[in-house]
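target_6.txt follows; it contains compact mmCIF, C-alpha atoms.
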# COMPACT_ATOMS: atom_id res chain seq x y z
CA MET Z 1 33.20 36.45 -34.24
CA GLU Z 2 33.26 33.20 -36.19
CA SER Z 3 34.65 31.24 -33.26
CA ALA Z 4 32.11 32.82 -30.94
CA LEU Z 5 29.28 31.66 -33.23
CA ILE Z 6 30.69 28.15 -33.32
CA SER Z 7 31.05 28.08 -29.54
CA GLY Z 8 27.49 29.33 -29.17
CA LEU Z 9 26.16 26.68 -31.53
CA GLN Z 10 28.17 24.03 -29.72
CA GLY Z 11 26.40 25.08 -26.53
CA LEU Z 12 23.10 24.08 -28.11
CA PHE Z 13 24.37 20.57 -28.74
CA LEU Z 14 26.04 20.00 -25.39
CA GLY Z 15 22.99 18.19 -24.09
CA VAL Z 16 22.78 15.93 -27.14
CA ALA Z 17 26.48 15.13 -26.86
CA ALA Z 18 26.18 14.37 -23.16
CA LEU Z 19 23.13 12.10 -23.51
CA THR Z 20 24.09 8.58 -22.50
CA ALA Z 21 22.40 5.39 -23.65
CA GLY Z 22 21.20 4.83 -20.08
CA GLN Z 23 19.57 8.26 -19.90
CA ALA Z 24 17.90 7.73 -23.26
CA LEU Z 25 16.56 4.38 -22.05
CA MET Z 26 15.28 5.92 -18.82
CA ILE Z 27 13.54 8.68 -20.78
CA LEU Z 28 11.79 5.90 -22.69
CA VAL Z 29 10.89 4.23 -19.38
CA GLY Z 30 9.42 7.55 -18.22
CA CYS Z 31 7.42 7.75 -21.45
CA GLY Z 32 6.27 4.17 -20.84
CA LEU Z 33 4.98 5.14 -17.39
CA LEU Z 34 3.19 8.14 -18.91
CA TYR Z 35 1.62 5.80 -21.48
CA LEU Z 36 0.42 3.43 -18.74
CA GLY Z 37 -1.03 6.31 -16.75
CA ILE Z 38 -2.63 8.26 -19.60
CA ARG Z 39 -3.71 5.63 -22.12
CA LYS Z 40 -4.22 2.61 -19.88
CA GLY Z 41 -5.47 4.51 -16.83
CA TYR Z 42 -3.15 2.63 -14.44
CA GLU Z 43 -2.84 4.78 -11.28
CA PRO Z 44 -2.55 7.98 -13.37
CA LEU Z 45 -2.37 10.24 -10.31
CA LEU Z 46 0.98 8.68 -9.45
CA LEU Z 47 2.32 7.26 -12.69
CA LEU Z 48 2.00 10.57 -14.54
CA PRO Z 49 4.19 12.62 -12.16
CA ILE Z 50 6.53 9.64 -11.62
CA GLY Z 51 6.98 9.20 -15.38
CA PHE Z 52 7.53 12.90 -15.90
CA GLY Z 53 9.95 13.07 -12.99
CA ALA Z 54 11.87 10.15 -14.52
CA ILE Z 55 12.14 12.06 -17.79
CA LEU Z 56 13.25 15.29 -16.10
CA VAL Z 57 15.93 13.68 -13.98
CA ASN Z 58 17.50 11.98 -16.98
CA ILE Z 59 17.82 15.12 -19.07
CA PRO Z 60 21.60 15.48 -19.47
CA LEU Z 61 23.31 18.46 -17.81
CA ALA Z 62 20.03 19.72 -16.28
CA ASP Z 63 21.16 18.37 -12.90
CA MET Z 64 17.72 18.49 -11.36
CA MET Z 65 18.74 16.17 -8.55
CA GLY Z 66 21.93 18.15 -7.98
CA LYS Z 67 22.47 20.22 -4.88
CA GLU Z 68 20.49 23.15 -6.25
CA GLY Z 69 18.03 21.17 -8.36
CA PHE Z 70 14.33 21.69 -7.78
CA LEU Z 71 13.60 17.94 -7.69
CA ARG Z 72 16.29 17.55 -5.03
CA PHE Z 73 14.47 20.16 -2.95
CA PHE Z 74 11.17 18.25 -3.07
CA TYR Z 75 12.92 14.95 -2.43
CA ASP Z 76 14.88 16.19 0.57
CA PHE Z 77 11.95 18.10 2.00
CA GLY Z 78 9.24 15.49 1.62
CA VAL Z 79 10.65 12.03 1.00
CA LEU Z 80 13.80 11.95 3.10
CA THR Z 81 11.84 13.37 6.01
CA GLU Z 82 8.95 10.89 5.32
CA ILE Z 83 6.51 13.80 5.44
CA PHE Z 84 4.88 13.16 2.04
CA PRO Z 85 3.69 9.58 2.65
CA LEU Z 86 2.43 10.54 6.09
CA LEU Z 87 0.42 13.48 4.72
CA ILE Z 88 -1.05 11.14 2.13
CA PHE Z 89 -2.02 8.78 4.93
CA ILE Z 90 -4.09 11.52 6.57
CA GLY Z 91 -5.93 11.90 3.27
CA ILE Z 92 -6.43 8.13 2.97
CA GLY Z 93 -7.85 8.00 6.48
CA ALA Z 94 -10.20 10.87 5.65
CA MET Z 95 -11.39 9.06 2.52
CA THR Z 96 -11.83 5.60 4.03
CA ASP Z 97 -15.12 4.37 5.40
CA PHE Z 98 -14.43 1.56 7.87
CA GLN Z 99 -18.13 0.88 8.35
CA PRO Z 100 -18.10 -2.47 6.46
CA LEU Z 101 -15.29 -3.64 8.73
CA LEU Z 102 -17.00 -2.42 11.88
CA GLU Z 103 -20.14 -4.28 10.84
CA ASN Z 104 -18.26 -7.55 10.55
CA PRO Z 105 -15.06 -7.33 12.64
CA LYS Z 106 -13.94 -10.95 12.39
CA ILE Z 107 -13.28 -10.39 8.69
CA ILE Z 108 -10.34 -8.21 9.74
CA LEU Z 109 -8.34 -11.43 10.07
CA LEU Z 110 -8.40 -11.73 6.29
CA GLY Z 111 -6.66 -8.36 6.27
CA ALA Z 112 -3.88 -9.94 8.33
CA ALA Z 113 -3.58 -13.01 6.09
CA GLY Z 114 -3.42 -10.70 3.08
CA GLN Z 115 -0.15 -9.27 4.40
CA PHE Z 116 1.70 -12.57 4.70
CA GLY Z 117 3.14 -12.02 1.23
CA ILE Z 118 5.29 -9.27 2.78
CA PHE Z 119 7.02 -11.69 5.13
CA LEU Z 120 7.29 -14.56 2.64
CA THR Z 121 8.79 -12.19 0.09
CA LEU Z 122 11.29 -11.05 2.69
CA LEU Z 123 12.61 -14.60 2.78
CA LEU Z 124 12.73 -14.75 -1.01
CA ALA Z 125 14.57 -11.42 -1.19
CA LEU Z 126 17.14 -12.65 1.31
CA ALA Z 127 17.48 -15.89 -0.66
CA VAL Z 128 18.37 -14.02 -3.86
CA GLY Z 129 21.01 -12.00 -2.06
CA PHE Z 130 19.49 -8.70 -0.93
CA ASP Z 131 20.88 -7.10 2.22
CA LYS Z 132 18.62 -7.23 5.26
CA LEU Z 133 17.19 -3.71 4.97
CA ASP Z 134 17.03 -3.86 1.18
CA ALA Z 135 15.04 -7.09 1.55
CA VAL Z 136 12.66 -5.32 3.94
CA ALA Z 137 12.13 -2.55 1.36
CA VAL Z 138 11.42 -5.09 -1.40
CA ALA Z 139 9.11 -7.14 0.79
CA ILE Z 140 7.00 -4.13 1.74
CA ILE Z 141 5.72 -3.99 -1.85
CA GLY Z 142 3.55 -6.86 -0.62
CA ALA Z 143 1.67 -4.38 1.55
CA CYS Z 144 0.05 -3.41 -1.75
CA ASP Z 145 -0.03 0.07 -0.32
CA GLY Z 146 1.99 2.78 -2.05
CA PRO Z 147 2.52 5.21 0.85
CA THR Z 148 3.54 2.37 3.20
CA ALA Z 149 6.05 1.08 0.65
CA ILE Z 150 7.41 4.60 0.15
CA TYR Z 151 7.61 5.26 3.88
CA VAL Z 152 9.55 2.08 4.61
CA SER Z 153 11.85 2.15 1.59
CA SER Z 154 12.68 5.85 1.96
CA LYS Z 155 13.59 5.19 5.57
CA PHE Z 156 15.76 2.11 5.14
CA ALA Z 157 16.71 1.76 1.48
CA PRO Z 158 16.34 5.15 -0.22
CA HIS Z 159 18.47 4.00 -3.15
CA MET Z 160 15.68 1.55 -4.02
CA LEU Z 161 12.81 3.99 -3.65
CA GLY Z 162 12.22 4.40 -7.39
CA ALA Z 163 12.03 0.69 -8.16
CA VAL Z 164 9.96 -0.12 -5.07
CA SER Z 165 7.46 2.70 -5.71
CA VAL Z 166 7.06 1.92 -9.39
CA ALA Z 167 6.52 -1.76 -8.57
CA ALA Z 168 4.05 -0.97 -5.78
CA TYR Z 169 1.89 1.37 -7.82
CA SER Z 170 2.11 -0.62 -11.06
CA TYR Z 171 1.08 -3.88 -9.45
CA MET Z 172 -1.67 -2.22 -7.43
CA SER Z 173 -3.20 -1.11 -10.68
CA LEU Z 174 -2.77 -4.61 -12.11
CA VAL Z 175 -4.68 -6.27 -9.27
CA PRO Z 176 -7.63 -7.07 -11.60
CA LEU Z 177 -5.23 -9.06 -13.77
CA ILE Z 178 -3.03 -10.62 -11.07
CA GLN Z 179 -5.67 -11.86 -8.63
CA PRO Z 180 -8.34 -13.78 -10.60
CA PRO Z 181 -6.13 -16.66 -11.85
CA ILE Z 182 -4.83 -17.23 -8.30
CA MET Z 183 -8.35 -17.08 -6.87
CA ARG Z 184 -9.56 -19.65 -9.38
CA ALA Z 185 -6.56 -21.93 -8.89
CA LEU Z 186 -7.01 -22.15 -5.13
CA THR Z 187 -10.77 -22.56 -4.87
CA THR Z 188 -13.22 -25.23 -5.97
CA ASP Z 189 -16.26 -24.53 -8.08
CA LYS Z 190 -18.47 -25.28 -5.06
CA GLU Z 191 -16.60 -22.78 -2.87
CA ARG Z 192 -16.80 -20.03 -5.47
CA LYS Z 193 -20.59 -20.45 -5.62
CA ILE Z 194 -21.15 -19.95 -1.87
CA VAL Z 195 -23.71 -17.23 -1.21
CA MET Z 196 -22.93 -15.21 1.90
CA GLY Z 197 -25.77 -13.80 3.95
CA VAL Z 198 -26.50 -10.11 4.31
CA ALA Z 199 -24.10 -8.68 6.87
CA LYS Z 200 -25.89 -5.43 7.62
CA ARG Z 201 -25.27 -4.79 11.30
CA PRO Z 202 -25.71 -1.19 12.34
CA VAL Z 203 -22.79 0.61 13.94
CA SER Z 204 -23.29 3.58 16.23
CA LYS Z 205 -21.66 6.94 15.58
CA THR Z 206 -19.89 6.70 18.95
CA THR Z 207 -18.25 3.43 17.88
CA LYS Z 208 -17.14 4.98 14.59
CA ILE Z 209 -15.60 7.93 16.43
CA LEU Z 210 -13.92 5.80 19.09
CA PHE Z 211 -12.54 3.29 16.57
CA PRO Z 212 -9.65 5.44 15.22
CA ILE Z 213 -8.75 6.59 18.75
CA VAL Z 214 -8.69 3.05 20.14
CA VAL Z 215 -6.72 1.69 17.16
CA THR Z 216 -4.16 4.48 17.46
CA ILE Z 217 -3.58 4.02 21.17
CA PHE Z 218 -3.62 0.23 21.16
CA ALA Z 219 -1.68 -0.48 17.94
CA SER Z 220 0.87 2.29 18.48
CA ILE Z 221 1.69 1.07 21.97
CA LEU Z 222 2.16 -2.46 20.62
CA ALA Z 223 4.19 -1.35 17.61
CA PRO Z 224 5.59 2.12 18.42
CA LYS Z 225 7.78 2.29 15.33
CA GLY Z 226 4.67 2.26 13.21
CA ALA Z 227 2.91 4.96 15.22
CA PRO Z 228 3.37 7.62 12.49
CA LEU Z 229 1.70 5.33 9.93
CA ILE Z 230 -1.14 4.26 12.19
CA GLY Z 231 -1.59 7.69 13.75
CA THR Z 232 -1.89 9.59 10.48
CA VAL Z 233 -4.40 7.18 8.93
CA MET Z 234 -6.50 7.22 12.07
CA LEU Z 235 -6.27 11.01 12.45
CA GLY Z 236 -7.74 11.35 8.97
CA ASN Z 237 -10.47 8.85 9.84
CA LEU Z 238 -11.29 10.61 13.10
CA MET Z 239 -11.68 13.89 11.20
CA ARG Z 240 -14.08 12.08 8.86
CA GLU Z 241 -16.17 10.33 11.49
CA SER Z 242 -16.32 13.11 14.08
CA GLY Z 243 -18.07 15.37 11.59
CA VAL Z 244 -16.88 18.49 13.40
CA VAL Z 245 -13.90 19.45 11.22
CA GLU Z 246 -15.40 19.27 7.76
CA ARG Z 247 -12.93 21.84 6.42
CA LEU Z 248 -9.91 19.93 7.66
CA LYS Z 249 -11.28 16.65 6.37
CA SER Z 250 -11.99 18.21 3.01
CA ALA Z 251 -8.50 19.74 2.86
CA ALA Z 252 -6.87 16.43 3.82
CA GLU Z 253 -8.64 14.42 1.14
CA ASN Z 254 -8.47 17.08 -1.55
CA GLU Z 255 -5.98 19.96 -1.46
CA ILE Z 256 -3.32 18.36 0.74
CA ALA Z 257 -3.59 14.90 -0.83
CA ASN Z 258 -3.49 16.37 -4.35
CA ILE Z 259 -0.49 18.64 -3.78
CA VAL Z 260 1.45 15.97 -1.94
CA THR Z 261 0.61 13.31 -4.55
CA LEU Z 262 2.05 15.56 -7.26
CA LEU Z 263 5.22 16.35 -5.34
CA LEU Z 264 5.63 12.76 -4.15
CA GLY Z 265 5.25 11.42 -7.68
CA LEU Z 266 7.81 13.88 -9.03
CA SER Z 267 10.21 13.05 -6.20
CA ILE Z 268 9.90 9.31 -6.83
CA GLY Z 269 10.48 9.85 -10.54
CA ALA Z 270 13.54 11.88 -9.58
CA THR Z 271 15.08 8.81 -7.96
CA MET Z 272 15.01 7.01 -11.32
CA GLU Z 273 18.33 8.26 -12.60
CA ALA Z 274 19.86 5.88 -15.12
CA ALA Z 275 22.86 5.14 -12.93
CA ASN Z 276 20.62 4.10 -10.03
CA PHE Z 277 17.78 2.43 -11.85
CA LEU Z 278 19.37 0.47 -14.68
CA ARG Z 279 20.71 -2.37 -12.60
CA PRO Z 280 19.86 -6.08 -12.48
CA GLN Z 281 18.63 -5.43 -8.94
CA THR Z 282 15.73 -3.35 -10.31
CA LEU Z 283 14.46 -6.30 -12.34
CA LEU Z 284 14.66 -8.44 -9.22
CA VAL Z 285 12.68 -5.85 -7.26
CA LEU Z 286 9.98 -5.81 -9.94
CA ALA Z 287 9.84 -9.62 -10.03
CA LEU Z 288 9.73 -9.99 -6.25
CA GLY Z 289 7.05 -7.28 -5.99
CA PHE Z 290 4.88 -9.26 -8.40
CA ILE Z 291 5.43 -12.43 -6.38
CA ALA Z 292 4.62 -10.57 -3.14
CA ILE Z 293 1.19 -9.52 -4.35
CA GLY Z 294 0.55 -13.02 -5.70
CA LEU Z 295 1.48 -14.50 -2.32
CA ASP Z 296 -0.78 -12.00 -0.50
CA THR Z 297 -3.67 -13.12 -2.65
CA ALA Z 298 -2.86 -16.82 -2.26
CA VAL Z 299 -2.57 -16.69 1.53
CA GLY Z 300 -5.70 -14.54 1.77
CA VAL Z 301 -7.72 -17.05 -0.25
CA LEU Z 302 -6.29 -20.00 1.70
CA PHE Z 303 -7.21 -18.27 4.96
CA GLY Z 304 -10.66 -17.68 3.51
CA LYS Z 305 -10.88 -21.43 2.84
CA ALA Z 306 -9.96 -22.12 6.45
CA MET Z 307 -12.67 -19.70 7.64
CA CYS Z 308 -15.11 -21.37 5.25
CA LEU Z 309 -14.30 -24.73 6.82
CA LEU Z 310 -14.56 -23.43 10.39
CA THR Z 311 -17.90 -21.70 9.77
CA GLY Z 312 -19.45 -24.70 8.06
CA GLY Z 313 -19.34 -23.17 4.60
CA LYS Z 314 -20.76 -19.75 5.43
CA ILE Z 315 -17.79 -17.79 4.08
CA ASN Z 316 -16.92 -17.67 0.41
CA PRO Z 317 -13.11 -18.04 0.26
CA LEU Z 318 -12.93 -15.63 -2.68
CA ILE Z 319 -13.30 -12.70 -0.26
CA GLY Z 320 -9.89 -13.66 1.17
CA ALA Z 321 -8.33 -12.15 -1.95
CA ALA Z 322 -9.65 -8.76 -0.84
CA GLY Z 323 -7.53 -8.87 2.32
CA ILE Z 324 -4.94 -6.72 0.58
CA SER Z 325 -4.74 -2.96 0.76
CA ALA Z 326 -5.74 -2.12 -2.82
CA PHE Z 327 -9.02 -0.45 -1.85
CA PRO Z 328 -11.65 -0.79 -3.25
CA MET Z 329 -10.25 -2.36 -6.41
CA SER Z 330 -9.66 -5.73 -4.85
CA ALA Z 331 -13.20 -5.91 -3.44
CA ARG Z 332 -14.55 -5.21 -6.90
CA VAL Z 333 -12.43 -8.02 -8.34
CA VAL Z 334 -13.95 -10.41 -5.78
CA GLN Z 335 -17.47 -9.27 -6.63
CA VAL Z 336 -16.88 -9.77 -10.36
CA GLU Z 337 -15.33 -13.22 -9.86
CA GLY Z 338 -18.12 -14.32 -7.54
CA GLN Z 339 -20.77 -13.24 -10.03
CA LYS Z 340 -19.09 -15.26 -12.77
CA TYR Z 341 -19.85 -18.47 -10.89
CA ASN Z 342 -23.11 -17.59 -9.19
CA LYS Z 343 -25.33 -14.77 -10.37
CA LYS Z 344 -27.09 -14.76 -6.98
CA SER Z 345 -23.83 -14.17 -5.11
CA TYR Z 346 -23.24 -10.60 -3.95
CA LEU Z 347 -19.86 -10.57 -2.25
CA LEU Z 348 -19.13 -6.85 -2.53
CA MET Z 349 -19.97 -5.78 1.03
CA HIS Z 350 -18.14 -8.76 2.53
CA ALA Z 351 -15.16 -8.12 0.28
CA MET Z 352 -15.22 -4.45 1.28
CA SER Z 353 -14.94 -5.55 4.93
CA ALA Z 354 -11.90 -7.66 4.07
CA ASN Z 355 -10.48 -4.82 1.96
CA ALA Z 356 -10.86 -2.30 4.79
CA GLY Z 357 -9.18 -4.90 7.01
CA GLY Z 358 -6.39 -5.08 4.44
CA GLN Z 359 -5.93 -1.32 4.66
CA ILE Z 360 -5.45 -1.47 8.39
CA GLY Z 361 -3.56 -4.76 8.03
CA SER Z 362 -0.94 -3.30 5.71
CA VAL Z 363 -0.19 -0.46 8.12
CA ILE Z 364 -0.15 -2.82 11.11
CA ALA Z 365 2.10 -5.30 9.27
CA ALA Z 366 4.59 -2.54 8.46
CA ALA Z 367 4.41 -1.28 12.05
CA VAL Z 368 4.95 -4.79 13.44
CA MET Z 369 7.86 -5.36 11.09
CA LEU Z 370 9.52 -2.07 12.06
CA SER Z 371 9.08 -2.86 15.74
CA VAL Z 372 10.55 -6.35 15.29
CA LEU Z 373 13.53 -4.82 13.47
CA GLN Z 374 13.94 -2.32 16.27
CA GLY Z 375 13.72 -5.08 18.86
CA MET Z 376 16.40 -7.05 17.02
CA GLY Z 377 18.63 -4.00 16.88
CA ILE Z 378 18.60 -3.89 13.07
CA ILE Z 379 17.26 -0.34 13.09
CA ALA Z 380 17.80 2.42 15.61
CA GLY Z 381 15.22 3.08 18.31
CA MET Q 1 22.97 -12.41 13.35
CA ASP Q 2 23.02 -14.45 10.17
CA THR Q 3 20.67 -13.77 7.28
CA TRP Q 4 18.38 -16.75 7.78
CA THR Q 5 17.95 -16.27 11.50
CA PHE Q 6 17.03 -12.68 10.71
CA GLY Q 7 14.65 -13.66 7.92
CA TRP Q 8 12.76 -16.39 9.73
CA THR Q 9 12.54 -14.34 12.94
CA VAL Q 10 11.05 -11.32 11.18
CA ALA Q 11 8.76 -13.52 9.07
CA LEU Q 12 7.39 -15.60 11.93
CA ILE Q 13 7.02 -12.79 14.47
CA GLY Q 14 5.78 -10.48 11.73
CA MET Q 15 3.02 -12.82 10.56
CA GLY Q 16 2.09 -13.88 14.07
CA GLY Q 17 2.24 -10.32 15.39
CA THR Q 18 0.11 -8.92 12.57
CA MET Q 19 -2.49 -11.63 13.07
CA LEU Q 20 -2.48 -11.14 16.84
CA VAL Q 21 -2.79 -7.34 16.69
CA LEU Q 22 -5.66 -7.51 14.20
CA TRP Q 23 -7.41 -10.25 16.18
CA ILE Q 24 -7.26 -8.09 19.32
CA LEU Q 25 -8.52 -5.14 17.26
CA SER Q 26 -11.51 -7.24 16.17
CA LEU Q 27 -12.24 -7.96 19.84
CA LEU Q 28 -11.95 -4.26 20.66
CA ILE Q 29 -14.39 -3.44 17.88
CA LEU Q 30 -16.84 -5.99 19.28
CA LEU Q 31 -16.41 -4.45 22.73
CA LEU Q 32 -17.04 -0.95 21.37
CA LYS Q 33 -20.16 -2.18 19.62
CA LYS Q 34 -21.37 -3.79 22.84
CA LEU Q 35 -20.69 -0.67 24.91
CA PHE Q 36 -22.13 1.73 22.36
CA PRO Q 37 -24.83 -0.10 20.43
CA GLN Q 38 -26.70 1.55 17.62
CA ASN Q 39 -30.04 2.85 18.78
CA THR Q 40 -32.42 1.11 16.38
CA ARG Q 41 -35.62 2.48 17.97
CA PRO Q 42 -37.73 4.03 15.19
CA ALA Q 43 -38.14 7.77 15.38
CA GLU Q 44 -41.35 8.87 17.03
CA ARG Q 45 -43.84 10.54 14.78
CA GLY Q 46 -45.18 13.89 15.89

For this file, write the structure as structure tokens.
Amino acid sequence: MESALISGLQGLFLGVAALTAGQALMILVGCGLLYLGIRKGYEPLLLLPIGFGAILVNIPLADMMGKEGFLRFFYDFGVLTEIFPLLIFIGIGAMTDFQPLLENPKIILLGAAGQFGIFLTLLLALAVGFDKLDAVAVAIIGACDGPTAIYVSSKFAPHMLGAVSVAAYSYMSLVPLIQPPIMRALTTDKERKIVMGVAKRPVSKTTKILFPIVVTIFASILAPKGAPLIGTVMLGNLMRESGVVERLKSAAENEIANIVTLLLGLSIGATMEAANFLRPQTLLVLALGFIAIGLDTAVGVLFGKAMCLLTGGKINPLIGAAGISAFPMSARVVQVEGQKYNKKSYLLMHAMSANAGGQIGSVIAAAVMLSVLQGMGIIAG
Amino acid sequence: MDTWTFGWTVALIGMGGTMLVLWILSLLILLLKKLFPQNTRPAERG
């Protein structure tokens, strides 16, 4: 009886005895993510489930990412198959109004320039010693688009999914802190004060309906590897603009997006096991992700300067910073910065055009990159 | 293929390709707007 009691009591302490320093540290990291999401309001919809998933997966002996673990089930079902990010894309398409972009289509080029950080970071990642596909996964943080980063990294470097996702979502939420110093450093006082004219150009309903169909057909044929990304975003947008499937649109942007966001967040957190996450490589991923978003902003602003020059000073280069995919946060940053230097400057609608261009641009950039990799034989067809 | 050939190829074609695809998309949007302009005629009053 006495030995049975001792054995029973020992069972209660097995977890404590098995807790490693790495697991304890990762539980603290999970708590840190919860703090950022709850107290600081940084991307709480993602950081809360990611943080909690990180805590759960590092509980000793619970084995939640083991063969029978419930986190393993979500991960295998939704992340390994790439279903979760694609379902989220349908929701994003259903939520996004491309009207500002359709009103001023040439601004879409800023959405292309805002993706150059992806490709420049790829070179940096290769320079610091990442393998080719690992470098691709790190570089895609520069898309400033969580689902795109998750889609690409889960496909080609699943062992880096946790670090890449945390970097992508953390930096997206830090856009208001990362962008302004770069915007100020690359523009002159005169440029920042440029007032852009009103760009209200009406767009017909037919154009809005045809836009997602045309983009899907054209962009998917050019970059077939990215067809799932492009197709899902545009399907969501078609549901929105057609106005005939209100229930589906509502489900995509609410119920489906909410459920998938929860399960995706938990699954990403589940990849943050101490043994995988606590490596020097993770710090490099976080550093390169930061650089990627800085480079996106810098190239976007520089491209804005070029457009300013070519149009005889009609474009305020600050809107180039909104050529990233962080929608609509980045456009708001541009509006706030513009107002600091000229109270009569209202850049929001122009920045929204660039920001919508950045949303399409991030998906197109990923699609182009995947197709180039396929063409080079780096990934299977 | 060595690392740098890979890196520069993906970077250059990637940047150029992204810019090209989005530029063509902007032209397609302009074409759509030309083909299907917004009817700005004010509604007739009864």

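Residue-level contact on chain Z: within 7 Å of chain Q, counting all atoms listed in the file, the set is Z:Leu102, Z:Pro105, Z:Lys106, Z:Ile108, Z:Leu109, Z:Ala112, Z:Phe116, Z:Phe119, Z:Leu120, Z:Leu122, Z:Leu123, Z:Pro202, Z:Val203, Z:Ser204, Z:Thr206, Z:Thr207, Z:Ile364, Z:Ala365, Z:Val368, Z:Met369, Z:Val372.
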
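The residue that comes closest to Tyr169 in chain Z, out of Z:Asn316, Z:Gln99, Z:Gln335, Z:Ser325 and on the basis of only C-alpha atoms, is Z:Ser325.
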
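Shortest atom-to-atom contact with Met272 in chain Z among Z:Ile293, Z:Leu284, Z:Ile59, Z:Leu14: Z:Ile59, counting only C-alpha atoms.
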
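Taking CA of Ile259 in chain Z and CA of Val233 in chain Z as the two end points, the separation is 17.6 Å.
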
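Residues in contact range of Ile324 in chain Z, defined as at most 8 Å between all atoms listed in the file, with sequence neighbours fewer than 3 positions away removed, read Z:Gly111, Z:Gly114, Z:Gln115, Z:Ala143, Z:Cys144, Z:Asp296, Z:Thr297, Z:Gly300, Z:Ala321, Z:Phe327, Z:Ser330, Z:Ala354, Z:Asn355, Z:Gly357, Z:Gly358, Z:Gln359, Z:Gly361, Z:Ser362.
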
Give me the residues near Asp63 in chain Z as a ChimeraX atom specification, where near means some atom within 12 Å (using only C-alpha atoms) and where sequence neighbours in that chain fewer than 5 positions away do not count. /Z:15,56-58,68-72,270,273

Length of the CA of Ile38 in chain Z to CA of Gly269 in chain Z vector [Å]: 16.0 Å

Could you give me the centre and size, in Å to one decimal, of an axis-aligned box around all listed atoms of range 20-35 of chain Q with 4 Å added on every side, as lines of an AutoDock Vina configuration file?
center_x = -11.9
center_y = -5.9
center_z = 19.6
size_x = 26.9
size_y = 18.5
size_z = 18.7

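The two atoms in question, CA of Ser170 in chain Z and CA of Cys31 in chain Z, are spaced 14.4 Å apart.
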
Who sits within 12 Å of Phe73 in chain Z, all atoms listed in the file, same chain under 4 positions skipped, as a count of residues only: 16
